[in-house]
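**Q** Sharing structure.csv, CSV, C-alpha atoms:
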chain,number,residue,atom,x,y,z
A,22,MET,CA,-31.3,-60.4,14.2
A,23,ASN,CA,-28.8,-58.6,11.9
A,24,LEU,CA,-28.4,-54.9,12.6
A,25,VAL,CA,-26.5,-52.2,10.8
A,26,PHE,CA,-25.0,-49.5,13.0
A,27,ASP,CA,-24.2,-46.0,11.7
A,28,ALA,CA,-21.4,-44.0,13.4
A,29,SER,CA,-23.9,-42.0,15.4
A,30,ALA,CA,-25.3,-45.1,17.0
A,31,ILE,CA,-21.8,-46.6,17.7
A,32,ILE,CA,-20.6,-43.4,19.3
A,33,ARG,CA,-23.7,-43.1,21.5
A,34,LEU,CA,-23.5,-46.7,22.6
A,35,ILE,CA,-19.8,-46.2,23.6
A,36,GLU,CA,-20.7,-43.0,25.4
A,37,LEU,CA,-23.5,-44.6,27.4
A,38,ASN,CA,-21.9,-47.9,28.3
A,39,PRO,CA,-18.7,-49.2,26.7
A,40,ASN,CA,-19.0,-52.7,28.2
A,41,LYS,CA,-22.6,-53.2,27.1
A,42,ALA,CA,-21.8,-51.6,23.7
A,43,VAL,CA,-19.3,-54.3,23.0
A,44,ASN,CA,-21.9,-57.0,23.5
A,45,ILE,CA,-24.5,-55.2,21.4
A,46,LEU,CA,-22.1,-54.6,18.5
A,47,ARG,CA,-20.6,-58.0,18.4
A,48,ASN,CA,-21.1,-59.7,15.0
A,49,GLN,CA,-23.3,-56.8,13.8
A,50,TYR,CA,-22.6,-54.6,10.7
A,51,THR,CA,-21.3,-51.2,9.8
A,52,ILE,CA,-19.3,-49.7,6.9
A,53,GLU,CA,-15.7,-48.6,6.7
A,54,LEU,CA,-16.9,-45.0,6.7
A,55,ALA,CA,-17.7,-45.4,10.4
A,56,TYR,CA,-13.9,-45.3,11.2
A,57,TYR,CA,-13.6,-41.9,9.6
A,58,GLU,CA,-16.8,-40.5,11.2
A,59,ILE,CA,-15.7,-41.8,14.7
A,60,GLY,CA,-12.2,-40.4,14.1
A,61,ASN,CA,-13.7,-37.0,13.3
A,62,TYR,CA,-15.8,-37.3,16.5
A,63,LEU,CA,-12.7,-38.1,18.6
A,64,TRP,CA,-10.8,-35.2,17.0
A,65,LYS,CA,-13.7,-32.8,17.8
A,66,ILE,CA,-14.1,-33.8,21.5
A,67,GLY,CA,-10.3,-33.8,21.9
A,68,LYS,CA,-10.4,-30.2,20.8
A,69,LEU,CA,-13.3,-29.2,23.0
A,70,SER,CA,-12.2,-31.3,26.1
A,71,PRO,CA,-8.4,-31.7,26.1
A,72,ALA,CA,-8.6,-33.4,29.5
A,73,ILE,CA,-10.4,-36.4,28.1
A,74,ASN,CA,-8.3,-39.6,28.0
A,75,MET,CA,-8.2,-40.0,24.2
A,76,GLU,CA,-6.2,-43.3,24.3
A,77,LEU,CA,-8.9,-44.9,26.4
A,78,LEU,CA,-11.6,-43.8,24.0
A,79,ILE,CA,-9.6,-45.0,21.0
A,80,LYS,CA,-9.2,-48.3,22.7
A,81,ALA,CA,-12.9,-48.6,23.4
A,82,PHE,CA,-13.9,-47.8,19.8
A,83,ASN,CA,-11.3,-50.1,18.3
A,84,LYS,CA,-12.4,-52.9,20.6
A,85,ALA,CA,-16.0,-52.5,19.5
A,86,LEU,CA,-15.3,-52.1,15.8
A,87,SER,CA,-13.0,-55.1,15.9
A,88,LEU,CA,-15.9,-57.3,16.8
A,89,MET,CA,-18.2,-56.0,14.0
A,90,ASN,CA,-18.5,-57.0,10.4
A,91,ILE,CA,-17.1,-54.1,8.5
A,92,GLU,CA,-18.5,-53.9,5.0
A,93,SER,CA,-16.4,-52.2,2.3
A,94,MET,CA,-18.0,-49.7,0.0
A,95,ARG,CA,-14.9,-49.2,-2.1
A,96,ASP,CA,-16.7,-48.9,-5.5
A,97,LEU,CA,-19.0,-46.0,-6.2
A,98,SER,CA,-22.5,-47.4,-6.6
A,99,SER,CA,-25.3,-46.1,-8.8
A,100,ASP,CA,-27.8,-47.8,-6.5
A,101,ILE,CA,-26.5,-45.8,-3.5
A,102,LEU,CA,-26.4,-42.7,-5.5
A,103,ASP,CA,-30.0,-43.2,-6.7
A,104,LEU,CA,-31.1,-43.9,-3.1
A,105,ALA,CA,-29.4,-40.7,-1.9
A,106,GLY,CA,-31.1,-38.7,-4.7
A,107,LYS,CA,-34.6,-40.1,-4.1
A,108,ALA,CA,-34.4,-39.7,-0.3
A,109,ASP,CA,-32.5,-36.4,-0.4
A,110,ILE,CA,-29.8,-37.7,1.9
A,111,THR,CA,-26.1,-37.7,1.7
A,112,TYR,CA,-24.2,-40.5,-0.1
A,113,TYR,CA,-22.7,-41.3,3.3
A,114,ASP,CA,-26.1,-41.9,4.9
A,115,ALA,CA,-27.4,-43.7,1.9
A,116,SER,CA,-24.5,-46.2,2.2
A,117,TYR,CA,-25.7,-47.2,5.6
A,118,VAL,CA,-29.3,-47.4,4.4
A,119,TYR,CA,-28.3,-49.4,1.4
A,120,LEU,CA,-26.4,-52.0,3.5
A,121,ALA,CA,-29.4,-52.4,5.8
A,122,MET,CA,-31.7,-53.0,2.8
A,123,LYS,CA,-29.2,-55.4,1.3
A,124,LEU,CA,-29.0,-57.4,4.5
A,125,ASN,CA,-32.7,-57.1,5.3
A,126,ALA,CA,-31.6,-55.7,8.6
A,127,LYS,CA,-32.6,-52.7,10.8
A,128,LEU,CA,-30.4,-49.6,10.7
A,129,VAL,CA,-29.6,-48.5,14.2
A,130,THR,CA,-29.1,-44.7,14.1
A,131,GLU,CA,-29.4,-41.6,16.2
A,132,ASP,CA,-29.9,-39.5,13.1
A,133,GLY,CA,-33.4,-38.0,13.3
A,134,GLU,CA,-33.5,-37.3,9.5
A,135,LEU,CA,-32.9,-41.0,8.7
A,136,MET,CA,-35.4,-42.1,11.3
A,137,SER,CA,-38.1,-39.9,9.8
A,138,LYS,CA,-37.3,-40.8,6.2
A,139,PHE,CA,-37.0,-44.5,6.8
A,140,PRO,CA,-39.2,-45.3,9.8
A,141,ASP,CA,-39.7,-49.0,9.0
A,142,LEU,CA,-36.0,-49.5,8.4
A,143,THR,CA,-34.5,-47.6,11.3
A,144,MET,CA,-34.4,-47.9,15.1
A,145,SER,CA,-32.8,-46.0,18.0
A,146,ILE,CA,-30.3,-47.4,20.4
A,147,ASN,CA,-32.9,-46.9,23.1
A,148,LYS,CA,-34.5,-50.1,21.9
A,149,LEU,CA,-31.3,-52.0,22.6
A,150,MET,CA,-30.4,-50.6,26.0
Translate this structure into structure tokens?
**A**
Amino acid sequence: MNLVFDASAIIRLIELNPNKAVNILRNQYTIELAYYEIGNYLWKIGKLSPAINMELLIKAFNKALSLMNIESMRDLSSDILDLAGKADITYYDASYVYLAMKLNAKLVTEDGELMSKFPDLTMSINKLM
């Protein structure tokens, strides 16, 4: 089964169990934006918890992401923009939703708003653990 993971799901999987996360994420999908969202997460926790081994976290995230299919969303898309407008979500979130729709896949997310707006398309990582 193809799955699309947003950054919130990737982050939570790595937090819970990095070894299991690698197996769950292998050959699944995300978008390039995930690198930036995860990078921002790492920056934030580094600020809040300077004692955390950042190199170890970076290595874990890079390992997981290297095993995934990373889809490029380089061109602006009127389809994604329309989806964002109709669902009243950000373009960022609509990009993940759009990819899941395009691949006829489930979107794995920990974003409550996306789960409530797209209940048939989304699932929590709890179903994978």
**Q** With only C-alpha atoms counted, which protein, DNA or RNA residues have an atom no more than 8 Å from (-13.5, -36.7, 7.2) in the file frame? Please answer as a list of chain:residue names.
**A**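 Those residues, ordered by chain and then number, are A:Tyr57, A:Glu58, A:Gly60, A:Asn61.
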**Q** Deliver the residues from the most recent selection as a file, using C-alpha atoms, as a short mmCIF file (atom, residue, chain, number, x, y, z; two decimals), in the frame of the given file.
**A**
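The file below, selection_23.cif, is the result:
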data_model
loop_
_atom_site.label_atom_id
_atom_site.label_comp_id
_atom_site.auth_asym_id
_atom_site.auth_seq_id
_atom_site.Cartn_x
_atom_site.Cartn_y
_atom_site.Cartn_z
CA TYR A 57 -13.60 -41.90 9.60
CA GLU A 58 -16.80 -40.50 11.20
CA GLY A 60 -12.20 -40.40 14.10
CA ASN A 61 -13.70 -37.00 13.30
#
**Q** Mind pulling up the distance from CA of Met94 (chain A) to CA of Asn125 (chain A)?
**A**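 According to the coordinates, CA of Asn125 (chain A) and CA of Met94 (chain A) are separated by 17.3 Å.
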**Q** In Å to one decimal, how far is CA of Leu54 (chain A) from CA of Arg95 (chain A)?
**A**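 These atoms are spaced 10.0 Å apart.
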**Q** Mind checking which residues fall within 9 Å of Leu104 (chain A), counting all atoms listed in the file, ignoring those fewer than 3 positions away in the same chain, and posting them as a list in words?
**A**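 Non-adjacent residues within range: Ser99, Asp100, Ile101, Lys107, Ala108, Asp109, Ile110, Tyr112, Ala115, Ser116, Val118 and Tyr119 of chain A.
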**Q** Do a neighbour search on Ser29 (chain A) at 12 Å with all atoms listed in the file, toss out local chain neighbours closer than 4 positions, and write the hits as a ChimeraX atom specification.
**A** /A:25,33-36,51,54-62,114,117,128-133,135,145-146
**Q** To one decimal place in Å, what is the distance between CA of Asn90 (chain A) and CA of Trp64 (chain A)?
**A**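 Taking CA of Asn90 (chain A) and CA of Trp64 (chain A), their separation equals 24.0 Å.
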**Q** Given all atoms listed in the file as the basis, pick out the residue of A:Arg47, A:Lys68, A:Asn74, A:Ser137 nearest to Met22 (chain A).
**A**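 With all atoms listed in the file as the atom set, the closest residue is A:Arg47.
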**Q** Taking all atoms listed in the file into account, which of A:Ile91, A:Leu37, A:Leu86, A:Ala28 comes nearest Glu53 (chain A)?
**A** A:Ile91
**Q** Which protein, DNA or RNA residues have an atom at most 7 Å from (-26.8, -54.4, 15.6), counting all atoms listed in the file? List them as a PyMOL selection string.
**A** chain A and resi 23-26+45-46+49-50+129
**Q** Can you sort out region 55-66 of chain A so it carries all heavy atoms, written as a PDB file, in the frame of the given file?
**A**
ATOM      1  N   ALA A  55     -17.488 -45.623   8.967  1.00  0.00           N
ATOM      2  CA  ALA A  55     -17.700 -45.400  10.400  1.00  0.00           C
ATOM      3  C   ALA A  55     -16.328 -45.060  11.080  1.00  0.00           C
ATOM      4  O   ALA A  55     -16.294 -44.231  11.992  1.00  0.00           O
ATOM      5  CB  ALA A  55     -18.270 -46.650  11.063  1.00  0.00           C
ATOM      6  N   TYR A  56     -15.214 -45.659  10.626  1.00  0.00           N
ATOM      7  CA  TYR A  56     -13.900 -45.300  11.200  1.00  0.00           C
ATOM      8  C   TYR A  56     -13.613 -43.837  11.060  1.00  0.00           C
ATOM      9  O   TYR A  56     -13.132 -43.206  11.996  1.00  0.00           O
ATOM     10  CB  TYR A  56     -12.790 -46.115  10.510  1.00  0.00           C
ATOM     11  CG  TYR A  56     -12.679 -47.546  10.944  1.00  0.00           C
ATOM     12  CD1 TYR A  56     -13.188 -48.573  10.150  1.00  0.00           C
ATOM     13  CD2 TYR A  56     -12.046 -47.891  12.134  1.00  0.00           C
ATOM     14  CE1 TYR A  56     -13.068 -49.900  10.539  1.00  0.00           C
ATOM     15  CE2 TYR A  56     -11.923 -49.216  12.525  1.00  0.00           C
ATOM     16  CZ  TYR A  56     -12.443 -50.208  11.723  1.00  0.00           C
ATOM     17  OH  TYR A  56     -12.329 -51.521  12.109  1.00  0.00           O
ATOM     18  N   TYR A  57     -13.902 -43.280   9.904  1.00  0.00           N
ATOM     19  CA  TYR A  57     -13.600 -41.900   9.600  1.00  0.00           C
ATOM     20  C   TYR A  57     -14.554 -40.955  10.416  1.00  0.00           C
ATOM     21  O   TYR A  57     -14.138 -39.927  10.958  1.00  0.00           O
ATOM     22  CB  TYR A  57     -13.677 -41.586   8.146  1.00  0.00           C
ATOM     23  CG  TYR A  57     -12.662 -42.401   7.384  1.00  0.00           C
ATOM     24  CD1 TYR A  57     -13.014 -43.610   6.783  1.00  0.00           C
ATOM     25  CD2 TYR A  57     -11.336 -41.990   7.302  1.00  0.00           C
ATOM     26  CE1 TYR A  57     -12.078 -44.379   6.123  1.00  0.00           C
ATOM     27  CE2 TYR A  57     -10.395 -42.749   6.643  1.00  0.00           C
ATOM     28  CZ  TYR A  57     -10.770 -43.946   6.053  1.00  0.00           C
ATOM     29  OH  TYR A  57      -9.829 -44.700   5.406  1.00  0.00           O
ATOM     30  N   GLU A  58     -15.814 -41.344  10.482  1.00  0.00           N
ATOM     31  CA  GLU A  58     -16.800 -40.500  11.200  1.00  0.00           C
ATOM     32  C   GLU A  58     -16.467 -40.555  12.721  1.00  0.00           C
ATOM     33  O   GLU A  58     -16.549 -39.520  13.391  1.00  0.00           O
ATOM     34  CB  GLU A  58     -18.203 -41.018  10.959  1.00  0.00           C
ATOM     35  CG  GLU A  58     -18.653 -40.748   9.535  1.00  0.00           C
ATOM     36  CD  GLU A  58     -20.086 -41.149   9.276  1.00  0.00           C
ATOM     37  OE1 GLU A  58     -20.440 -42.323   9.516  1.00  0.00           O
ATOM     38  OE2 GLU A  58     -20.855 -40.273   8.837  1.00  0.00           O
ATOM     39  N   ILE A  59     -16.104 -41.705  13.244  1.00  0.00           N
ATOM     40  CA  ILE A  59     -15.700 -41.800  14.700  1.00  0.00           C
ATOM     41  C   ILE A  59     -14.434 -41.064  14.914  1.00  0.00           C
ATOM     42  O   ILE A  59     -14.290 -40.365  15.925  1.00  0.00           O
ATOM     43  CB  ILE A  59     -15.677 -43.276  15.109  1.00  0.00           C
ATOM     44  CG1 ILE A  59     -17.087 -43.888  15.079  1.00  0.00           C
ATOM     45  CG2 ILE A  59     -15.043 -43.406  16.493  1.00  0.00           C
ATOM     46  CD1 ILE A  59     -17.130 -45.398  15.200  1.00  0.00           C
ATOM     47  N   GLY A  60     -13.491 -41.185  13.999  1.00  0.00           N
ATOM     48  CA  GLY A  60     -12.200 -40.400  14.100  1.00  0.00           C
ATOM     49  C   GLY A  60     -12.473 -38.941  14.163  1.00  0.00           C
ATOM     50  O   GLY A  60     -11.845 -38.218  14.949  1.00  0.00           O
ATOM     51  N   ASN A  61     -13.387 -38.464  13.343  1.00  0.00           N
ATOM     52  CA  ASN A  61     -13.700 -37.000  13.300  1.00  0.00           C
ATOM     53  C   ASN A  61     -14.362 -36.634  14.667  1.00  0.00           C
ATOM     54  O   ASN A  61     -14.074 -35.564  15.220  1.00  0.00           O
ATOM     55  CB  ASN A  61     -14.635 -36.699  12.176  1.00  0.00           C
ATOM     56  CG  ASN A  61     -14.686 -35.228  11.913  1.00  0.00           C
ATOM     57  OD1 ASN A  61     -13.664 -34.602  11.670  1.00  0.00           O
ATOM     58  ND2 ASN A  61     -15.878 -34.661  11.983  1.00  0.00           N
ATOM     59  N   TYR A  62     -15.228 -37.484  15.189  1.00  0.00           N
ATOM     60  CA  TYR A  62     -15.800 -37.300  16.500  1.00  0.00           C
ATOM     61  C   TYR A  62     -14.764 -37.146  17.584  1.00  0.00           C
ATOM     62  O   TYR A  62     -14.785 -36.236  18.422  1.00  0.00           O
ATOM     63  CB  TYR A  62     -16.827 -38.382  16.804  1.00  0.00           C
ATOM     64  CG  TYR A  62     -17.184 -38.526  18.262  1.00  0.00           C
ATOM     65  CD1 TYR A  62     -18.133 -37.694  18.848  1.00  0.00           C
ATOM     66  CD2 TYR A  62     -16.567 -39.493  19.051  1.00  0.00           C
ATOM     67  CE1 TYR A  62     -18.455 -37.831  20.195  1.00  0.00           C
ATOM     68  CE2 TYR A  62     -16.890 -39.632  20.390  1.00  0.00           C
ATOM     69  CZ  TYR A  62     -17.824 -38.798  20.957  1.00  0.00           C
ATOM     70  OH  TYR A  62     -18.138 -38.924  22.282  1.00  0.00           O
ATOM     71  N   LEU A  63     -13.809 -38.079  17.573  1.00  0.00           N
ATOM     72  CA  LEU A  63     -12.700 -38.100  18.600  1.00  0.00           C
ATOM     73  C   LEU A  63     -11.886 -36.795  18.439  1.00  0.00           C
ATOM     74  O   LEU A  63     -11.509 -36.191  19.450  1.00  0.00           O
ATOM     75  CB  LEU A  63     -11.857 -39.312  18.428  1.00  0.00           C
ATOM     76  CG  LEU A  63     -12.528 -40.628  18.806  1.00  0.00           C
ATOM     77  CD1 LEU A  63     -11.650 -41.807  18.425  1.00  0.00           C
ATOM     78  CD2 LEU A  63     -12.879 -40.661  20.284  1.00  0.00           C
ATOM     79  N   TRP A  64     -11.588 -36.395  17.228  1.00  0.00           N
ATOM     80  CA  TRP A  64     -10.800 -35.200  17.000  1.00  0.00           C
ATOM     81  C   TRP A  64     -11.584 -33.971  17.597  1.00  0.00           C
ATOM     82  O   TRP A  64     -11.000 -33.131  18.285  1.00  0.00           O
ATOM     83  CB  TRP A  64     -10.607 -34.964  15.501  1.00  0.00           C
ATOM     84  CG  TRP A  64     -10.117 -33.600  15.158  1.00  0.00           C
ATOM     85  CD1 TRP A  64      -8.825 -33.132  15.250  1.00  0.00           C
ATOM     86  CD2 TRP A  64     -10.899 -32.506  14.687  1.00  0.00           C
ATOM     87  NE1 TRP A  64      -8.774 -31.816  14.865  1.00  0.00           N
ATOM     88  CE2 TRP A  64     -10.044 -31.412  14.512  1.00  0.00           C
ATOM     89  CE3 TRP A  64     -12.248 -32.351  14.396  1.00  0.00           C
ATOM     90  CZ2 TRP A  64     -10.485 -30.178  14.060  1.00  0.00           C
ATOM     91  CZ3 TRP A  64     -12.690 -31.124  13.944  1.00  0.00           C
ATOM     92  CH2 TRP A  64     -11.815 -30.055  13.782  1.00  0.00           C
ATOM     93  N   LYS A  65     -12.886 -33.938  17.345  1.00  0.00           N
ATOM     94  CA  LYS A  65     -13.700 -32.800  17.800  1.00  0.00           C
ATOM     95  C   LYS A  65     -13.770 -32.758  19.335  1.00  0.00           C
ATOM     96  O   LYS A  65     -13.577 -31.696  19.927  1.00  0.00           O
ATOM     97  CB  LYS A  65     -15.112 -32.915  17.219  1.00  0.00           C
ATOM     98  CG  LYS A  65     -15.973 -31.723  17.482  1.00  0.00           C
ATOM     99  CD  LYS A  65     -17.305 -31.879  16.752  1.00  0.00           C
ATOM    100  CE  LYS A  65     -18.168 -30.659  16.908  1.00  0.00           C
ATOM    101  NZ  LYS A  65     -19.432 -30.800  16.178  1.00  0.00           N
ATOM    102  N   ILE A  66     -14.050 -33.884  19.988  1.00  0.00           N
ATOM    103  CA  ILE A  66     -14.100 -33.800  21.500  1.00  0.00           C
ATOM    104  C   ILE A  66     -12.763 -33.606  22.080  1.00  0.00           C
ATOM    105  O   ILE A  66     -12.658 -33.003  23.134  1.00  0.00           O
ATOM    106  CB  ILE A  66     -14.840 -35.060  22.068  1.00  0.00           C
ATOM    107  CG1 ILE A  66     -14.069 -36.334  21.820  1.00  0.00           C
ATOM    108  CG2 ILE A  66     -16.270 -35.168  21.630  1.00  0.00           C
ATOM    109  CD1 ILE A  66     -14.534 -37.475  22.700  1.00  0.00           C
TER     110      ILE A  66
END
